Amino acid sequence: KRQRGGRSNLSEAVERDESRGAWRCSYRRSKSALLFLLLSSRCDMLCSGFGWHAPSSFCRRSATKGRRNSLRAAVLRMVSHQEENSGARTSKGYAKREERAIPSKVFYAKQRRDGGRNGKSDSRQQKFTTNVPTKRFNQRLDGMAKSIRPNNKREGIEIVNRMEKLVFDTMKEWEDTVANLQDLSDVIRPETKTFNILINAFGRSAYPDSALRAEQILSNMFKMQETHGYPHLAPDSFSFTAVISALSRWANRSRKNAREAAVRAMQLLSRMESMAEGGNRHVAPTAVTFNTVLDVLSKTGNMQDAKRAEALVERMQQLYDDRRNANARPSVISYNACMKAYARCAANGAEDAPDRAEELLQHMKNTGINADRITYTTLIDCYAKAATTRPGAAVRAEEILRDMTHLYAVSGNDAIRPDYLSYSAVIGAWARTATPDAASRANSLLVQMEALHAAGADGGISLAPSTVTYNSVLNAFARSGHPDAAQQAWDLLIKMQTLSKLEDRNVKCDTITFSTVIDAIAKTRADPERAEELFFRMEKQYEDTGDESFRPNSISLSSAVNAWAKSDRPDAASRALSFLDKAERIAYLRPNAIVYSTLLECLAKSRSRSAAKAAEDVLVRMERLYREGKKEARPDAAAYANLINAYTKSGHPNTTRRAMDLLNEAERQYSNGNEAMKPTLLLYSAVLQALAKSATIEGAENAEALLRRKLYFRSRPKMTTVCFNAVIDAHARSGGPDAAEKAEAILNEMIRRFEQGDIEVKPSVRSFNAVCLAWKNTKNDAKAPKRAEAVLKKMNDMYRASGDTSYKPDICTINTIIGSWSNMGTKEAAEKAMAFLLYAEGRQAVGDETMFPDRITFRTCVEAWAKSGDETALKKAMEVAKRMEASPYKPDLYTLHSLMMAYNSVHNSGEPQPPWRSSSKARAAEKYLITLLAAHEAGRADSDLVFLAYDIIIRAYEKNGSEKATNRAGELRNLKDEFCDTLKKKDGYDAVDRNKWNLSRRFRKT
């Protein structure tokens, strides 16, 4: 009666189906009709009309007991399914739908019971039709997701936040519409595809926890399906794959993210497989899903994850062969992902990674999967990343490139034709190789690429070198250490600037290009002014054009400062400070801790007396900038290490105490949570070197205590060969009574631990030489030279047994043995020293470059004869001096000092020795010359010794370079000529003998 005046009445909404003998609701139902049916408790008619075969007491019991939520959920479900089976929109409006069999309540109850919280559902799950508004809504969301750009983080986060709000607001509107029992044909109903688009958008964005948020949305889909019974929100394989894809992108941000993403991806894959085995085939993983998981595993750089990836490919093949999953067949993409995993492992130092990648390629051939260009290029990249630690890796990479070229020439298959990435990978391999011809091999490949591109032989596949290719060649020049590397890098930079003006070439000088050229200048110690000029040229181009690719950064700034640090110029430290002051005035440039650490290194290398104070000023500047909010300038452990080196090399008297204070401060800050102050091997090595240079027994004891103490904080760096060598050196310099015994005990410990498999403490030549030095510095011990020779014998035995050149004695070893015999002060000791000199000259004659006698070798032998006290000491010492004159190393003032010691020992001269460590050694040596001239007049000194003294002192003055010293050298040269003329008149001195010293000087200048 109440509906007679309305738009629709009861007769239109509720009618009796005579064929079925039951009441039903027509499509053009009204809200009033449904309320009438509910209020009148005609549940038998209501349920039969919607396909629900429930007793009529259901609704009455719900209403009487106050369970309105159950009643609302029942209506919500039936209206939802009514809308899901509605017809499509036509040009004239909605057409009347065909009557369809709607699933009964029993069906959905069974579906919830079987699936429920275990995430399982029946494979007979019905597919519902998406209405036009929902399709348009999904298209709109998809367009928003595709507009997310990775390089614009802020905009991407804003877009994904808007999408999330839009989806959940739309979901709430749909629920409200269903609850009000309104017409749903024009209402947007979010579905599985909608949420898949949202998950994919989170993966594409730079959202801080994008992957975790994507997983949360997937969990919400399961929750809405299970709690509210929405089958149209059931996650499918695309939902899981989208989450795993988000994890893959999230893994690119850090190594920690990559490890966590790999674990979560494997968990999601396991969940998909368990749900599929339970009957829900809609979530069965496909080849795309497996390949996405493989991509996540390939980003950890962990060998275990790479092996898991390989095992996963084998599992895919097994699932396909057993016909358990027809969509799981591995493809070339799967194997390429595995190779990528091994390439990442090779970059982290896995030596067998290239071999495992080669085995994968062979397995592909055996299973009938054709390798493509990406396969071979990834294999080349695997060898390229192992080139720093694996000998011959670059050669093998170039062989694979030649194999690709041969296979293409034979088959004509463009899928395996090398492109510019293939060539660039081989060039990168040579750039990482420390062989003399690495830079030339990389440059020849670049020339080959340019020739193929110019001849038009690329055939649609780009062979034009890109900016990355040219930068790799520049890096090869920088790492080569060749004297002409800086000029070659500069010429290539000019060539790149010329090519960048051509429209058809993808070449453009960028920040990496300029920084690499600056680095090449720094490593060849070529021209720091040119490096500084190039840096400011970058800055000017950026300000003129606004192009971000020219913008200088902290890397280019650090390279320019490093150019001054490696120049070995007397004014390098002051010039580096001046350059950094100019760079700090650039508003957008923010120097970081690496820049300041490089400046501290430059100050340490200057060895200036004021270096320690200047280094302290730099540290104070870093702390002030950090307090002002510039976090990148925060002092770190490397800065402390370089500050300690500045103290050590400047000879500051407070070095030991300051080094220990800085180490304790670093350990304290790290224990309080400052990760930048994590004590590193560089810091411990710097402290140990400072203790060693103190040359005290206390310093040696502190050094060994630091080597062996157990620190209370986590992740203490492991002490390596460098640290052990510093402790041995500390004992060698301490001069303690048992210092040599302690030094040799540490060496034996290193040998024992290395033989047990600890490669981090492998002894080196320096280890053995430091022990020999300890025996040399042992006073009043007749066994010291023999103990030093025993160390030398041990070196030779280990070298012959293993062939390892790190055990091979060098000239420093021989010099230490000669010095040890020289300290004995006997004729037998001098003869032993002479025997070792002759041995070194013999090794030089057969081409052993590590055994070339140097100035210390000759000088120590002269000193050995001077200390011998033998009557022939002066004659033997002069023979050694003549050998020295014939070598590239001419006698110097120290040699003259030793010769005068020999002269005094022979003639029992009681004349006092001048203070030899004074700053004016040449003027002190003139007293020797006066003594020799007087001795020559008395017939006690040979003329050759006088001429030798003249030449040594003249060379010393000439080396000084000052105007006063140069004038004094000229005066002495005139005196020498007068002395020679006197000899000619008096003794008939041969002019040929007179000129032999002058000839040696002319040869030296040449």
# chains A, B, ... in the order shown; residues from 1 in each chain; ligands from 1

call {"tool": "residues_around", "arguments": {"residues": "range 144-148 of chain A", "least_positions_apart": "6", "cutoff": "8 Å", "atoms": "only C-alpha atoms", "output": "list in words"}}
result
Glu155, Gly156, Ile159, Val160, Met163, Ile197, Leu198, Asn200, Ala201, Arg204 and Ser205 of chain A

call {"tool": "write_last_selection", "arguments": {"atoms": "N, CA, C and O atoms", "output": "mmCIF file, in the first residue's frame"}}
result
data_model
loop_
_atom_site.group_PDB
_atom_site.id
_atom_site.type_symbol
_atom_site.label_atom_id
_atom_site.label_comp_id
_atom_site.auth_asym_id
_atom_site.auth_seq_id
_atom_site.Cartn_x
_atom_site.Cartn_y
_atom_site.Cartn_z
ATOM 1 N N GLU A 155 57.846 13.779 -6.953
ATOM 2 C CA GLU A 155 56.624 13.669 -7.750
ATOM 3 C C GLU A 155 56.087 12.234 -7.722
ATOM 4 O O GLU A 155 54.871 12.016 -7.627
ATOM 5 N N GLY A 156 56.988 11.229 -7.788
ATOM 6 C CA GLY A 156 56.549 9.838 -7.753
ATOM 7 C C GLY A 156 55.857 9.487 -6.453
ATOM 8 O O GLY A 156 54.832 8.792 -6.442
ATOM 9 N N ILE A 159 52.366 11.021 -6.466
ATOM 10 C CA ILE A 159 51.437 10.298 -7.338
ATOM 11 C C ILE A 159 50.951 9.017 -6.673
ATOM 12 O O ILE A 159 49.751 8.708 -6.681
ATOM 13 N N VAL A 160 51.858 8.266 -6.084
ATOM 14 C CA VAL A 160 51.461 6.986 -5.499
ATOM 15 C C VAL A 160 50.588 7.198 -4.267
ATOM 16 O O VAL A 160 49.672 6.402 -3.982
ATOM 17 N N MET A 163 47.167 7.891 -5.674
ATOM 18 C CA MET A 163 46.568 6.649 -6.160
ATOM 19 C C MET A 163 46.026 5.803 -5.014
ATOM 20 O O MET A 163 44.918 5.259 -5.087
ATOM 21 N N ILE A 197 47.514 -2.748 -10.100
ATOM 22 C CA ILE A 197 48.074 -1.499 -10.634
ATOM 23 C C ILE A 197 48.678 -0.672 -9.507
ATOM 24 O O ILE A 197 49.757 -0.074 -9.646
ATOM 25 N N LEU A 198 47.999 -0.630 -8.348
ATOM 26 C CA LEU A 198 48.517 0.135 -7.218
ATOM 27 C C LEU A 198 49.824 -0.469 -6.701
ATOM 28 O O LEU A 198 50.780 0.260 -6.386
ATOM 29 N N ASN A 200 51.981 -2.174 -8.440
ATOM 30 C CA ASN A 200 53.006 -1.866 -9.446
ATOM 31 C C ASN A 200 53.464 -0.417 -9.332
ATOM 32 O O ASN A 200 54.646 -0.116 -9.526
ATOM 33 N N ALA A 201 52.540 0.492 -8.997
ATOM 34 C CA ALA A 201 52.910 1.901 -8.837
ATOM 35 C C ALA A 201 53.857 2.085 -7.662
ATOM 36 O O ALA A 201 54.823 2.855 -7.740
ATOM 37 N N ARG A 204 57.295 1.140 -8.734
ATOM 38 C CA ARG A 204 57.958 2.086 -9.646
ATOM 39 C C ARG A 204 58.397 3.354 -8.939
ATOM 40 O O ARG A 204 59.284 4.057 -9.424
ATOM 41 N N SER A 205 57.778 3.669 -7.802
ATOM 42 C CA SER A 205 58.040 4.938 -7.135
ATOM 43 C C SER A 205 59.292 4.855 -6.273
ATOM 44 O O SER A 205 59.853 3.782 -6.051
#

call {"tool": "select_by_dssp", "arguments": {"residues": "range 293-390 of chain A", "states": "helix (DSSP H, G or I)", "output": "VMD selection string"}}
result
chain A and resid 293 to 297 303 to 321 332 to 347 353 to 367 373 to 385

call {"tool": "residues_around", "arguments": {"residues": "Leu312 in chain A", "least_positions_apart": "4", "cutoff": "10 Å", "atoms": "only C-alpha atoms", "output": "VMD selection string"}}
result
chain A and resid 290 to 291 293 to 294 306 to 308 316 to 318 330 334 338

call {"tool": "closest_residue", "arguments": {"among": "A:Ser472, A:Asn131, A:Asn366, A:Asn823", "to": "Thr860 in chain A", "atoms": "only C-alpha atoms"}}
result
A:Asn823

call {"tool": "atom_distance", "arguments": {"atom1": "CA of Asn180 in chain A", "atom2": "CA of Lys223 in chain A"}}
result
22.8 Å

call {"tool": "closest_residue", "arguments": {"among": "A:Pro528, A:Pro436, A:Gly825, A:Gly428", "to": "Val468 in chain A", "atoms": "only C-alpha atoms"}}
result
A:Gly428

call {"tool": "atom_distance", "arguments": {"atom1": "CA of Val507 in chain A", "atom2": "CA of Ala397 in chain A"}}
result
24.5 Å

call {"tool": "residues_around", "arguments": {"residues": "Gln541 in chain A", "least_positions_apart": "6", "cutoff": "9 Å", "atoms": "only C-alpha atoms", "output": "JSON, numbers by chain"}}
result
{"A": [547, 550, 551]}

call {"tool": "write_last_selection", "arguments": {"atoms": "N, CA and C atoms", "output": "tab-separated table (two decimals), in the first residue's frame"}}
result
chain	number	residue	atom	x	y	z
A	547	ASP	N	73.42	22.70	-17.44
A	547	ASP	CA	73.34	21.26	-17.69
A	547	ASP	C	73.92	20.51	-16.49
A	550	PHE	N	77.39	18.58	-16.31
A	550	PHE	CA	78.66	19.26	-16.14
A	550	PHE	C	78.90	19.67	-14.68
A	551	ARG	N	77.95	19.38	-13.83
A	551	ARG	CA	78.04	19.89	-12.46
A	551	ARG	C	79.15	19.18	-11.69

call {"tool": "residues_around", "arguments": {"residues": "Asp636 in chain A", "least_positions_apart": "5", "cutoff": "9 Å", "atoms": "only C-alpha atoms", "output": "list in words"}}
result
Ala593, Ile594, Ser597, Ala641, Ala666, Glu675, Ala676, Met677, Lys678 and Pro679 of chain A

call {"tool": "residues_around", "arguments": {"residues": "His652 in chain A", "least_positions_apart": "4", "cutoff": "12 Å", "atoms": "only C-alpha atoms", "output": "PyMOL selection string"}}
result
chain A and resi 604+607-613+643-648+656-659+690+693-694

call {"tool": "atom_distance", "arguments": {"atom1": "CA of Arg752 in chain A", "atom2": "CA of Glu701 in chain A"}}
result
22.0 Å

call {"tool": "closest_residue", "arguments": {"among": "A:Arg505, A:Lys794, A:Arg213, A:Lys876", "to": "Ile751 in chain A", "atoms": "only C-alpha atoms"}}
result
A:Lys794

call {"tool": "residues_around", "arguments": {"residues": "Phe536 in chain A", "least_positions_apart": "4", "cutoff": "9 Å", "atoms": "only C-alpha atoms", "output": "MDAnalysis selection string"}}
result
chainID A and resid 531:532 540:541 552 583

call {"tool": "write_last_selection", "arguments": {"atoms": "C-alpha atoms", "output": "PDB file, in the first residue's frame"}}
result
ATOM      1  CA  ALA A 531      93.663  19.269 -13.173  1.00  0.00           C
ATOM      2  CA  GLU A 532      92.683  22.413 -11.316  1.00  0.00           C
ATOM      3  CA  LYS A 540      82.003  27.384 -15.706  1.00  0.00           C
ATOM      4  CA  GLN A 541      80.229  25.142 -18.237  1.00  0.00           C
ATOM      5  CA  PRO A 552      81.192  19.261 -10.381  1.00  0.00           C
ATOM      6  CA  ALA A 583      86.116  25.459  -4.306  1.00  0.00           C
TER       7      ALA A 583
END

call {"tool": "closest_residue", "arguments": {"among": "A:Ile369, A:Ala489, A:Leu945, A:Val426", "to": "Pro891 in chain A", "atoms": "only C-alpha atoms"}}
result
A:Leu945
